[in-house]
Amino acid sequence: MSQRIKIFHDPTSEPSRAVHWLVLEAGIDVDIEYIWLTRGDHMSDSFLQINPLHQVPAMQHGDFCLSEATAIMNYITDVYGCSERWFGQDIKTKAVINKHLSWYHTNLRRLLTLDYFLPVLLLPAYLGFAKPSEKEVSEKKEAMAAMFAQLDGMLSDTTYLCGDELTAVDILYASDVFALQISPDYESILSPYKHVVGWLSRLIAMSSYTESHKAWNHVSPLIVELNGQAKESPRWIADTCEKLIS
């Protein structure tokens, strides 16, 4: 490549981890610039030139900038000539993968991450926000359980979501599911879904998972130990992760 691709990455972000995980598994060599959300790096003038929406992941390739994990994953694999391996080699497989990408945004990402993980687990631990009421938490868990039941059905007779080969969909989905590791109920939430548990165990065995989730797997038990009591500043998250990866 005459110009190297740079990804702007925070390993505590689920979509950002997915992009990092994919490039590792695909053997794609990119530059990484860490944008620590808990330090406010995403609001800096320099980063806003890359992504005015101040979100990670983001990407820069020469003078071309891009945001949104699935768009970045598609672009990088296109540039390196391996998009068919990760996003489908024929029209039907591509259609199935696109179906799963749509389901991710309207179901898994919405019900697990946006409706449950953020308000119930992350924001109280990071910023000291009050948790939703017990009734609201229970309703959110019920909605998430219905989503996991559907996901379990998708995996009932297949190794990965789109067949016998790992695709970008598996990496994207699993990165969000692993966010639940900051919940003391993580194992009990997943235990009813044997196909999901088996699928996750296959992904955990990958060396690319270990590398892409190294920082998150280090800091998530420390968040659990806080038991919902936030420290004075969330900067400790970035400080802890940075020491591990430097």
# chains A, B, ... in the order shown; residues from 1 in each chain; ligands from 1
call {"tool": "residues_around", "arguments": {"residues": "segment 221-237 of chain A", "least_positions_apart": "2", "cutoff": "6 Å", "atoms": "only C-alpha atoms", "output": "PyMOL selection string"}}
result
chain A and resi 38-39+124-126+128+182+219+239-240
call {"tool": "write_last_selection", "arguments": {"atoms": "all heavy atoms", "output": "compact mmCIF listing (two decimals), in the first residue's frame"}}
result
# COMPACT_ATOMS: atom_id res chain seq x y z
N THR A 38 -12.54 7.95 27.74
CA THR A 38 -12.63 8.40 29.13
C THR A 38 -11.68 9.54 29.46
O THR A 38 -11.68 10.06 30.57
CB THR A 38 -12.39 7.22 30.10
OG1 THR A 38 -11.15 6.58 29.78
CG2 THR A 38 -13.52 6.22 30.02
N ARG A 39 -10.87 9.93 28.49
CA ARG A 39 -10.06 11.14 28.63
C ARG A 39 -10.62 12.29 27.79
O ARG A 39 -10.09 13.40 27.81
CB ARG A 39 -8.62 10.88 28.18
CG ARG A 39 -7.80 10.07 29.13
CD ARG A 39 -6.37 9.97 28.63
NE ARG A 39 -5.59 9.05 29.43
CZ ARG A 39 -4.52 8.40 28.98
NH1 ARG A 39 -4.12 8.58 27.73
NH2 ARG A 39 -3.86 7.59 29.78
N PRO A 124 -23.22 4.02 35.06
CA PRO A 124 -23.06 4.09 36.52
C PRO A 124 -21.62 3.84 36.96
O PRO A 124 -21.14 4.48 37.90
CB PRO A 124 -23.99 2.97 37.02
CG PRO A 124 -25.03 2.86 35.97
CD PRO A 124 -24.29 3.08 34.68
N ALA A 125 -20.92 2.93 36.27
CA ALA A 125 -19.54 2.61 36.66
C ALA A 125 -18.56 3.69 36.22
O ALA A 125 -17.60 3.99 36.93
CB ALA A 125 -19.13 1.26 36.06
N TYR A 126 -18.79 4.28 35.06
CA TYR A 126 -17.88 5.28 34.53
C TYR A 126 -18.13 6.67 35.14
O TYR A 126 -17.20 7.37 35.49
CB TYR A 126 -18.03 5.39 33.01
CG TYR A 126 -17.20 4.42 32.20
CD1 TYR A 126 -16.84 3.18 32.70
CD2 TYR A 126 -16.78 4.75 30.92
CE1 TYR A 126 -16.10 2.29 31.94
CE2 TYR A 126 -16.03 3.88 30.15
CZ TYR A 126 -15.70 2.64 30.67
OH TYR A 126 -14.95 1.76 29.92
N GLY A 128 -20.94 7.51 37.37
CA GLY A 128 -21.75 7.61 38.58
C GLY A 128 -23.21 7.89 38.33
O GLY A 128 -23.93 8.31 39.24
N ILE A 182 -18.71 -6.87 32.18
CA ILE A 182 -18.67 -6.02 33.37
C ILE A 182 -19.89 -6.24 34.26
O ILE A 182 -20.02 -5.59 35.30
CB ILE A 182 -18.53 -4.53 33.03
CG1 ILE A 182 -19.77 -3.98 32.32
CG2 ILE A 182 -17.28 -4.26 32.21
CD1 ILE A 182 -19.78 -2.45 32.22
N VAL A 219 -9.53 -4.74 32.16
CA VAL A 219 -10.22 -3.70 32.91
C VAL A 219 -11.62 -4.11 33.36
O VAL A 219 -12.13 -3.61 34.37
CB VAL A 219 -10.27 -2.38 32.09
CG1 VAL A 219 -11.37 -2.41 31.04
CG2 VAL A 219 -10.42 -1.17 32.99
N ASP A 239 -6.11 5.09 31.64
CA ASP A 239 -4.78 4.93 32.23
C ASP A 239 -4.43 3.46 32.39
O ASP A 239 -3.31 3.02 32.09
CB ASP A 239 -4.71 5.63 33.59
CG ASP A 239 -4.86 7.14 33.48
OD1 ASP A 239 -4.69 7.68 32.37
OD2 ASP A 239 -5.16 7.78 34.51
N THR A 240 -5.40 2.67 32.86
CA THR A 240 -5.18 1.24 33.08
C THR A 240 -4.95 0.51 31.78
O THR A 240 -4.02 -0.31 31.64
CB THR A 240 -6.39 0.62 33.83
OG1 THR A 240 -6.57 1.30 35.06
CG2 THR A 240 -6.16 -0.86 34.09
call {"tool": "closest_residue", "arguments": {"among": "A:Val23, A:Leu244, A:Val177, A:Ile204", "to": "Cys82 of chain A", "atoms": "only C-alpha atoms"}}
result
A:Val23
call {"tool": "select_by_dssp", "arguments": {"residues": "segment 120-159 of chain A", "states": "helix (DSSP H, G or I)", "output": "MDAnalysis selection string"}}
result
chainID A and resid 120:127 134:154
call {"tool": "atom_distance", "arguments": {"atom1": "atom CA of His213 of chain A", "atom2": "atom CA of Tyr160 of chain A"}}
result
19.5 Å
call {"tool": "residues_around", "arguments": {"residues": "segment 96-102 of chain A", "least_positions_apart": "5", "cutoff": "10 Å", "atoms": "only C-alpha atoms", "output": "PyMOL selection string"}}
result
chain A and resi 70+86-88+91+107-108+154+161-162+167-170+172-173
call {"tool": "select_by_dssp", "arguments": {"residues": "segment 52-246 of chain A", "states": "strand (DSSP E or B)", "output": "short mmCIF file (atom, residue, chain, number, x, y, z; two decimals) with C-alpha atoms, in the first residue's frame"}}
result
data_model
loop_
_atom_site.label_atom_id
_atom_site.label_comp_id
_atom_site.auth_asym_id
_atom_site.auth_seq_id
_atom_site.Cartn_x
_atom_site.Cartn_y
_atom_site.Cartn_z
CA ALA A 58 -12.81 6.00 12.75
CA MET A 59 -10.41 5.53 9.87
CA GLN A 60 -8.11 7.62 7.72
CA HIS A 61 -6.58 6.51 4.43
CA PHE A 64 -10.21 9.88 2.98
CA CYS A 65 -11.85 9.57 6.39
CA LEU A 66 -14.59 7.15 7.39
CA SER A 67 -16.66 6.30 10.46
CA TYR A 160 -20.85 -19.60 12.93
CA GLY A 163 -22.20 -21.23 8.14
#
call {"tool": "atom_distance", "arguments": {"atom1": "atom CA of Asp115 of chain A", "atom2": "atom CA of Ser191 of chain A"}}
result
20.5 Å
call {"tool": "closest_residue", "arguments": {"among": "A:Val197, A:Ile76, A:Leu190, A:Phe129", "to": "Leu24 of chain A", "atoms": "only C-alpha atoms"}}
result
A:Ile76
call {"tool": "closest_residue", "arguments": {"among": "A:Ser13, A:Ser46, A:Ser246, A:Gln3", "to": "Asp31 of chain A", "atoms": "only C-alpha atoms"}}
result
A:Gln3
call {"tool": "closest_residue", "arguments": {"among": "A:Thr12, A:Ser207, A:Gln89, A:Ser175", "to": "Tyr104 of chain A", "atoms": "only C-alpha atoms"}}
result
A:Ser175
call {"tool": "closest_residue", "arguments": {"among": "A:Val56, A:Ile171, A:Ala146, A:Leu200", "to": "Leu112 of chain A", "atoms": "only C-alpha atoms"}}
result
A:Ala146
